[in-house]
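Data first, discussion second: the structure below is written as structure tokens.
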Amino acid sequence: MDMHTGYAEVHGAAACSAEDEQRHLLSYAPLVKRVVRQLTSQIGGAVDREDMEQIGLMGLLDALRRYGGAPDEKFGAYASIRIRGSILDELRRQDWRPRAVRQESHRMRDAVRELTRRLGRTPSENDIMKELGINAAELQEYRLAENAEMLVSFDEILQELSNVPASALTPEAALMSRRSLEQALGTLDEREQRVVQMYYEFDLSLKEISAVLGLTDARICQINKGALRKMKAFLQDA
């Protein structure tokens, strides 16, 4: 008896009928849109939104079939991870970030890190544009690349919790992952928690978070990456 079968037997639930699946798909369709909206804000317009929603719906259907019965109050957390995982798996399969784009992102990131060290403070957007010889539009592209790096980092944390792709998590593994992430969040200071939650849970963009906290986009990006490092270190030591 595998883990999924055991979960279904504990709940005493049979697989959903086709009619029930359709009803649940319609009921949880807003969850798919929410996950897609979050991912779109993080990766920009690299992938068509409707395509992402179709992939997300397939992830939702898979979640329904794996859950072992009618969705309950815990299903939303499980489905969110599977929907997100299915979309990210497809993005990786399509290699949506060409190697040259990733290399340029890393080059610019290293330059900004060196500028920060030299100035002894977080550089302003004007500092960065002057140092890199870029304009505001090019800086925005750099921000999108930074967002993509954070997107991958957060997904890697989810995968490390179970040693399997997020799209392959069982209900039990998904719930354990969520609990572990909540514990990891508890290790962050108040500002780090707010940034991570606003970015990943409430779908706010860097610019929106910077307006809420009164900080620059660059500083929000820096806080977010530092928070992810802390969470990853906690989970590795747990």
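Here's how to read the names in the structure tokens: chain A, B, ... by the order shown, residue numbers from 1 in each chain, ligand numbers from 1 in the order shown.
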
When you look at Phe234 of chain A with a cut-off of 9 Å (counting only C-alpha atoms), what residues show up, excluding the ones that are within fewer than 3 positions of it in the same chain? I need them as a compact mmCIF listing (two decimals) with N, CA, C and O atoms, in the first residue's frame.
# COMPACT_ATOMS: atom_id res chain seq x y z
N GLN A 183 7.21 27.21 10.02
CA GLN A 183 8.23 27.25 11.06
C GLN A 183 9.43 28.08 10.60
O GLN A 183 10.00 28.85 11.37
N ALA A 184 9.81 27.91 9.32
CA ALA A 184 10.93 28.67 8.79
C ALA A 184 10.62 30.16 8.77
O ALA A 184 11.49 31.00 9.05
N THR A 187 11.42 32.11 11.88
CA THR A 187 12.81 32.46 12.19
C THR A 187 13.18 33.83 11.66
O THR A 187 14.26 34.34 11.98
N ARG A 229 17.39 32.87 2.13
CA ARG A 229 18.61 32.19 2.59
C ARG A 229 18.43 31.70 4.02
O ARG A 229 18.84 30.58 4.36
N LYS A 230 17.84 32.53 4.87
CA LYS A 230 17.60 32.14 6.26
C LYS A 230 16.67 30.94 6.33
O LYS A 230 16.90 30.00 7.10
N MET A 231 15.58 30.98 5.55
CA MET A 231 14.62 29.90 5.57
C MET A 231 15.26 28.60 5.09
O MET A 231 15.05 27.53 5.66
N ASP A 237 18.87 22.56 8.47
CA ASP A 237 19.32 22.16 9.80
C ASP A 237 18.24 21.43 10.61
O ASP A 237 18.52 20.84 11.63
N ALA A 238 16.99 21.55 10.11
CA ALA A 238 15.86 20.98 10.88
C ALA A 238 15.94 19.45 10.90
O ALA A 238 16.43 18.83 9.98

(message) Could you tell me how far atom CA of Arg82 of chain A sits from atom CA of Ala70 of chain A, in Å to one decimal place?
(response)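 The value is 16.5 Å.
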
(request) For atom CA of Pro123 of chain A and atom CA of Ala218 of chain A, determine how far apart the two atoms are, in Å to one decimal place. (result)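 Distance reported for this atom pair: 7.8 Å.
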
(message) I need the residue nearest Arg179 of chain A from this list: A:Leu119, A:Leu228, A:Leu132, A:Ala77. Use only C-alpha atoms for the distance.
(response) A:Ala77

(request) Measuring atom to atom with only C-alpha atoms, identify which of A:Ile209, A:Leu139, A:Ile81, A:Val195 is nearest to Ala227 of chain A. (result) A:Val195

(message) I'd like the contact shell of Gln22 of chain A - 12 Å cut-off, only C-alpha atoms, skipping same-chain residues fewer than 2 positions apart - returned as a list of chain:residue names.
(response) A:Cys16, A:Ser17, A:Ala18, A:Glu19, A:Asp20, A:His24, A:Leu25, A:Leu26, A:Ser27, A:Tyr28, A:Ala29, A:Leu57, A:Met58, A:Leu60, A:Leu61, A:Leu64, A:Arg65

(message) Between atom CA of Tyr142 of chain A and atom CA of Lys225 of chain A, what is the distance in Å, rounded to a tenth?
(response)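 Here the two named atoms are 15.0 Å from each other.
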
(request) Fewer than 4 positions away in the same chain doesn't count, so skip those; otherwise give me all residues within 8 Å of Tyr200 of chain A, counting only C-alpha atoms, as a PyMOL selection string. (result) chain A and resi 38+196+204

Could you dump the residues just selected with C-alpha atoms as a PDB file, in the first residue's frame?
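File again_22.pdb, as written:
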ATOM      1  CA  GLN A  38       1.423  35.549  -8.694  1.00  0.00           C
ATOM      2  CA  VAL A 196       7.996  37.247   2.035  1.00  0.00           C
ATOM      3  CA  LEU A 204       2.282  42.128  -4.410  1.00  0.00           C
TER       4      LEU A 204
END

(request) Go through A:Asp62, A:Leu185, A:Gln140, A:Lys232 and flag the residue nearest Ser105 of chain A, using only C-alpha atoms for the distances. (result) A:Gln140
